[in-house]
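Coordinates from protein_39.tsv are shown below (TSV, C-alpha atoms).
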chain	number	residue	atom	x	y	z
C	1	MET	CA	52.25	-162.42	162.31
C	2	LEU	CA	50.09	-159.98	160.40
C	3	GLU	CA	51.34	-157.10	162.55
C	4	ALA	CA	54.90	-158.17	161.69
C	5	GLY	CA	54.00	-157.70	158.01
C	6	VAL	CA	54.16	-161.27	156.73
C	7	ILE	CA	51.68	-160.59	153.91
C	8	TYR	CA	52.83	-158.37	151.05
C	9	LYS	CA	50.07	-157.61	148.56
C	10	GLY	CA	51.11	-156.94	145.02
C	11	PRO	CA	52.53	-158.84	142.09
C	12	ILE	CA	55.51	-160.99	143.07
C	13	LYS	CA	57.62	-163.79	141.60
C	14	LEU	CA	57.79	-166.90	143.82
C	15	SER	CA	60.75	-169.27	144.20
C	16	SER	CA	58.80	-171.69	141.98
C	17	LYS	CA	59.15	-169.02	139.23
C	18	LYS	CA	55.37	-168.59	139.24
C	19	ARG	CA	53.73	-165.20	139.72
C	20	ALA	CA	51.31	-164.42	142.54
C	21	GLY	CA	49.24	-161.47	143.75
C	22	PHE	CA	50.72	-161.66	147.25
C	23	TYR	CA	53.78	-162.91	149.11
C	24	CYS	CA	54.01	-164.67	152.48
C	25	ASP	CA	57.16	-163.31	154.08
C	26	VAL	CA	57.32	-165.48	157.22
C	27	LYS	CA	60.98	-164.44	157.51
C	28	ARG	CA	59.71	-161.11	158.92
C	29	VAL	CA	58.79	-163.02	162.09
C	30	PHE	CA	62.43	-164.07	162.52
C	31	GLY	CA	63.28	-160.52	163.59
C	32	TYR	CA	61.05	-160.75	166.67
C	33	PRO	CA	62.31	-163.28	169.27
C	34	GLU	CA	58.95	-163.75	170.96
C	35	LEU	CA	57.21	-164.40	167.62
C	36	LEU	CA	59.98	-166.69	166.38
C	37	ASN	CA	59.89	-168.75	169.57
C	38	ALA	CA	56.09	-168.96	169.46
C	39	LEU	CA	56.26	-170.08	165.83
C	40	ALA	CA	58.92	-172.70	166.66
C	41	ASP	CA	56.68	-173.99	169.45
C	42	GLU	CA	53.74	-174.28	167.04
C	43	VAL	CA	55.92	-176.23	164.59
C	44	GLY	CA	57.00	-178.39	167.53
C	45	LYS	CA	53.35	-179.35	168.11
C	46	LEU	CA	53.35	-180.94	164.63
C	47	LEU	CA	56.22	-183.29	165.50
C	48	THR	CA	55.89	-186.82	166.76
C	49	LYS	CA	57.95	-188.08	169.69
C	50	LYS	CA	59.92	-190.26	167.23
C	51	ILE	CA	61.56	-187.23	165.55
C	52	THR	CA	65.28	-187.06	166.38
C	53	CYS	CA	66.44	-184.20	164.17
C	54	VAL	CA	65.29	-181.12	162.30
C	55	ALA	CA	66.55	-180.23	158.82
C	56	GLY	CA	66.33	-176.87	157.08
C	57	SER	CA	67.62	-175.11	154.02
C	58	GLY	CA	67.50	-171.60	152.61
C	59	TYR	CA	66.63	-168.30	154.23
C	60	GLY	CA	63.19	-169.45	155.33
C	61	GLY	CA	64.03	-172.94	156.52
C	62	LEU	CA	67.41	-172.60	158.24
C	63	PRO	CA	66.59	-170.07	160.97
C	64	LEU	CA	63.25	-171.67	161.78
C	65	ALA	CA	64.61	-175.23	161.77
C	66	SER	CA	67.48	-174.16	164.01
C	67	VAL	CA	65.16	-172.60	166.60
C	68	VAL	CA	62.74	-175.57	166.44
C	69	ALA	CA	65.66	-177.96	167.05
C	70	SER	CA	67.02	-175.87	169.91
C	71	ARG	CA	63.66	-175.34	171.66
C	72	HIS	CA	62.75	-179.02	171.42
C	73	GLY	CA	66.15	-180.59	172.19
C	74	LEU	CA	66.61	-182.10	168.74
C	75	ASN	CA	69.66	-182.34	166.49
C	76	PHE	CA	69.92	-179.75	163.70
C	77	ILE	CA	70.85	-180.47	160.08
C	78	ALA	CA	71.66	-177.65	157.66
C	79	VAL	CA	71.11	-178.90	154.11
C	80	ARG	CA	72.91	-177.14	151.29
C	81	GLU	CA	71.30	-176.51	147.93
C	82	LYS	CA	74.53	-177.54	146.20
C	83	PRO	CA	77.33	-179.67	147.65
C	84	LYS	CA	80.14	-177.74	149.30
C	85	LYS	CA	83.22	-177.75	147.07
C	86	HIS	CA	85.73	-177.12	149.85
C	87	GLY	CA	86.58	-178.74	153.16
C	88	LYS	CA	84.95	-182.17	153.43
C	89	GLY	CA	82.32	-181.25	150.83
C	90	GLY	CA	78.81	-182.66	150.88
C	91	PHE	CA	75.26	-181.43	151.32
C	92	VAL	CA	75.04	-181.57	155.11
C	93	ASP	CA	76.37	-179.29	157.86
C	94	GLY	CA	75.67	-179.55	161.58
C	95	TYR	CA	74.45	-182.91	162.82
C	96	VAL	CA	75.16	-185.79	160.44
C	97	PRO	CA	72.10	-188.06	160.44
C	98	ASN	CA	72.17	-191.83	160.25
C	99	LYS	CA	69.61	-194.29	158.91
C	100	LYS	CA	67.99	-194.67	162.34
C	101	ASP	CA	67.20	-190.96	162.67
C	102	LYS	CA	63.68	-189.67	162.15
C	103	ILE	CA	63.98	-186.35	160.35
C	104	VAL	CA	61.55	-183.49	159.92
C	105	ILE	CA	62.25	-180.92	157.21
C	106	VAL	CA	61.06	-177.50	158.40
C	107	ASP	CA	60.27	-174.63	156.03
C	108	ASP	CA	58.36	-171.38	156.20
C	109	VAL	CA	56.01	-171.60	153.19
C	110	ILE	CA	55.04	-174.31	150.74
C	111	THR	CA	53.48	-173.56	147.36
C	112	THR	CA	54.51	-176.25	144.87
C	113	GLY	CA	56.84	-178.19	147.17
C	114	GLN	CA	59.89	-177.76	144.90
C	115	SER	CA	62.13	-176.26	147.59
C	116	ILE	CA	61.30	-178.99	150.07
C	117	GLU	CA	61.80	-181.65	147.40
C	118	LYS	CA	65.34	-180.29	146.86
C	119	VAL	CA	66.09	-180.68	150.55
C	120	TYR	CA	64.70	-184.21	150.50
C	121	VAL	CA	66.68	-185.16	147.38
C	122	ASN	CA	69.90	-183.66	148.78
C	123	LEU	CA	69.45	-185.59	152.03
C	124	LYS	CA	68.97	-188.75	149.94
C	125	LYS	CA	72.09	-187.93	147.88
C	126	SER	CA	74.08	-187.70	151.11
C	127	GLY	CA	73.42	-191.42	151.57
C	128	LEU	CA	73.01	-190.88	155.30
C	129	ILE	CA	69.29	-191.29	155.72
C	130	SER	CA	66.53	-193.81	155.44
C	131	VAL	CA	64.05	-192.12	153.13
C	132	VAL	CA	61.05	-193.60	154.92
C	133	ASN	CA	61.93	-191.69	158.09
C	134	ILE	CA	61.24	-188.17	156.81
C	135	LEU	CA	58.30	-185.83	157.07
C	136	CYS	CA	57.87	-182.11	156.55
C	137	ALA	CA	56.43	-179.34	158.72
C	138	VAL	CA	55.69	-175.90	157.28
C	139	VAL	CA	54.24	-172.69	158.66
C	140	ILE	CA	51.98	-171.67	155.76
C	141	VAL	CA	50.62	-173.72	152.88
C	142	ARG	CA	49.70	-171.57	149.88
C	143	ARG	CA	47.84	-174.32	148.01
C	144	GLU	CA	45.92	-177.29	149.28
C	145	LYS	CA	47.76	-180.13	147.62
C	146	ALA	CA	51.45	-179.50	147.05
C	147	LYS	CA	52.94	-182.59	145.44
C	148	LEU	CA	55.59	-184.02	147.72
C	149	GLN	CA	57.14	-187.46	147.97
C	150	ILE	CA	56.96	-187.14	151.75
C	151	PRO	CA	54.06	-186.47	154.10
C	152	TYR	CA	53.68	-182.92	155.36
C	153	LYS	CA	51.82	-180.99	158.03
C	154	TYR	CA	51.27	-177.26	158.31
C	155	ILE	CA	50.16	-174.67	160.84
C	156	PHE	CA	48.22	-172.24	158.64
C	157	ASP	CA	46.40	-172.43	155.33
C	158	ILE	CA	46.88	-169.09	153.54
C	159	ARG	CA	43.10	-168.61	153.47
C	160	GLU	CA	43.14	-168.36	157.28
C	161	ILE	CA	45.61	-165.48	157.12
C	162	LEU	CA	44.18	-163.57	154.16
What does the file become when written as structure tokens?
Amino acid sequence: MLEAGVIYKGPIKLSSKKRAGFYCDVKRVFGYPELLNALADEVGKLLTKKITCVAGSGYGGLPLASVVASRHGLNFIAVREKPKKHGKGGFVDGYVPNKKDKIVIVDDVITTGQSIEKVYVNLKKSGLISVVNILCAVVIVRREKAKLQIPYKYIFDIREIL
């Protein structure tokens, strides 16, 4: 991952609107099939056998969630940031979950948890899920204790990479 250039050192604005001295660009890995597949397999190791579908949103979550779902034979849910205003509308594309599904939200990096919370809230707004059946799996955690309403697991702590 380091050879792919996932760490950018220098001042940067994060999606949380906070400033940081470095950026974790896990999306760089998406350009290398062997790295992307290996990363999807590592995320897969975080999943329990009860998981039935994988949800993702945004540039970091969608590609990774899609590959995780495909490599592990799980249904894929694309969660929109805002409801679609055309067609059938709604927050969800791809597989439409039901209350019996066990969903994992997959994302590339977690700092404050705001992006993942949006996915969680939008899944709840869809009315299609049981909120107790969700967890989150991320590649890199930037801080130890992101505040999420749902349990999460991660592959790397940023200190391991830096």
Inset, instruction - Using CA of Gly60 (chain C) and CA of Val106 (chain C) as the two end points, give the distance in Å to one decimal. - result: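 We find that CA of Gly60 (chain C) and CA of Val106 (chain C) lie 8.9 Å from each other.
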Inset, instruction - Pick out the closest residue to Phe91 (chain C) from this set: C:Ala55, C:Met1, C:Val109, C:Leu46. Count all atoms listed in the file. - result: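 Once distances to Phe91 (chain C) are computed over all atoms listed in the file, the minimum belongs to C:Ala55.
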Legend entry - Length of the CA of Val43 (chain C) to CA of Lys82 (chain C) vector [Å]: 26.2 Å
With 10 Å as the cut-off and all atoms listed in the file counted, what is the closest atom pair between each nearby residue of region 49-69 of chain C and region 11-35 of chain C? Distances in Å to one decimal, ordered by chain and number, as CSV.
residue,atom,partner,partner_atom,distance
C:Tyr59,CA,C:Lys27,CA,7.6
C:Gly60,CA,C:Lys27,CA,5.9
C:Gly61,CA,C:Lys27,CA,9.1
C:Pro63,CA,C:Phe30,CA,7.5
C:Leu64,CA,C:Phe30,CA,7.7
C:Val67,CA,C:Phe30,CA,9.8
Legend entry - Proximity to Asn122 (chain C) - best of C:Val92, C:Ile158, C:Leu62, C:Leu47, only C-alpha atoms: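 When distances to Asn122 (chain C) are compared using only C-alpha atoms, the smallest one comes from C:Val92.
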Inset, instruction - Quote the spacing between CA of Ile134 (chain C) and CA of Ile103 (chain C) in Å to one decimal place. - result: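 Interatomic distance here is 4.8 Å.
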Legend entry - Which of C:Leu148, C:Leu36, C:Ile155, C:Leu123 sits closest to Ala4 (chain C) [using only C-alpha atoms]: C:Leu36
Inset, instruction - Excluding Lys153 (chain C) and any residue of its chain fewer than 5 positions from it, enumerate the residues within 7 Å of it, using only C-alpha atoms, and give them as a PyMOL selection string. - result: chain C and resi 46+136-138
Inset, instruction - Might you pull out every residue within 7 Å of Tyr95 (chain C), with only C-alpha atoms counted and same-chain residues fewer than 6 positions away left off, and present them as a PyMOL selection string? - result: chain C and resi 75-77
Inset, instruction - Return the single residue from C:Ala38, C:Ala69, C:Ile51, C:Val96 that is closest to Val139 (chain C), with distances computed using all atoms listed in the file. - result: C:Ala38
Legend entry - Spatial neighbours of Lys125 (chain C), max dist 10 Å, all atoms listed in the file, sep filter under 6 positions, as number ranges by chain: C: 83, 90-91, 119
Legend entry - Counting only C-alpha atoms, the residue of C:Ser57, C:Ser115, C:Asn98, C:Asn37 that sits nearest His72 (chain C):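 Closest to His72 (chain C), using only C-alpha atoms: C:Asn37.
Omitting Val68 (chain C) and its sequence neighbours fewer than 2 positions away, and counting all atoms listed in the file, the residues within 7 Å are Ala40, Asp41, Gly44, Leu64, Ala65, Ser66, Ser70, Arg71 and His72 of chain C.
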Inset, instruction - Compare C:Gly58, C:Ile140, C:Lys49, C:Thr111 by their minimum atom-to-atom distance to Gly73 (chain C), counting only C-alpha atoms, and give me the closest one. - result: C:Lys49
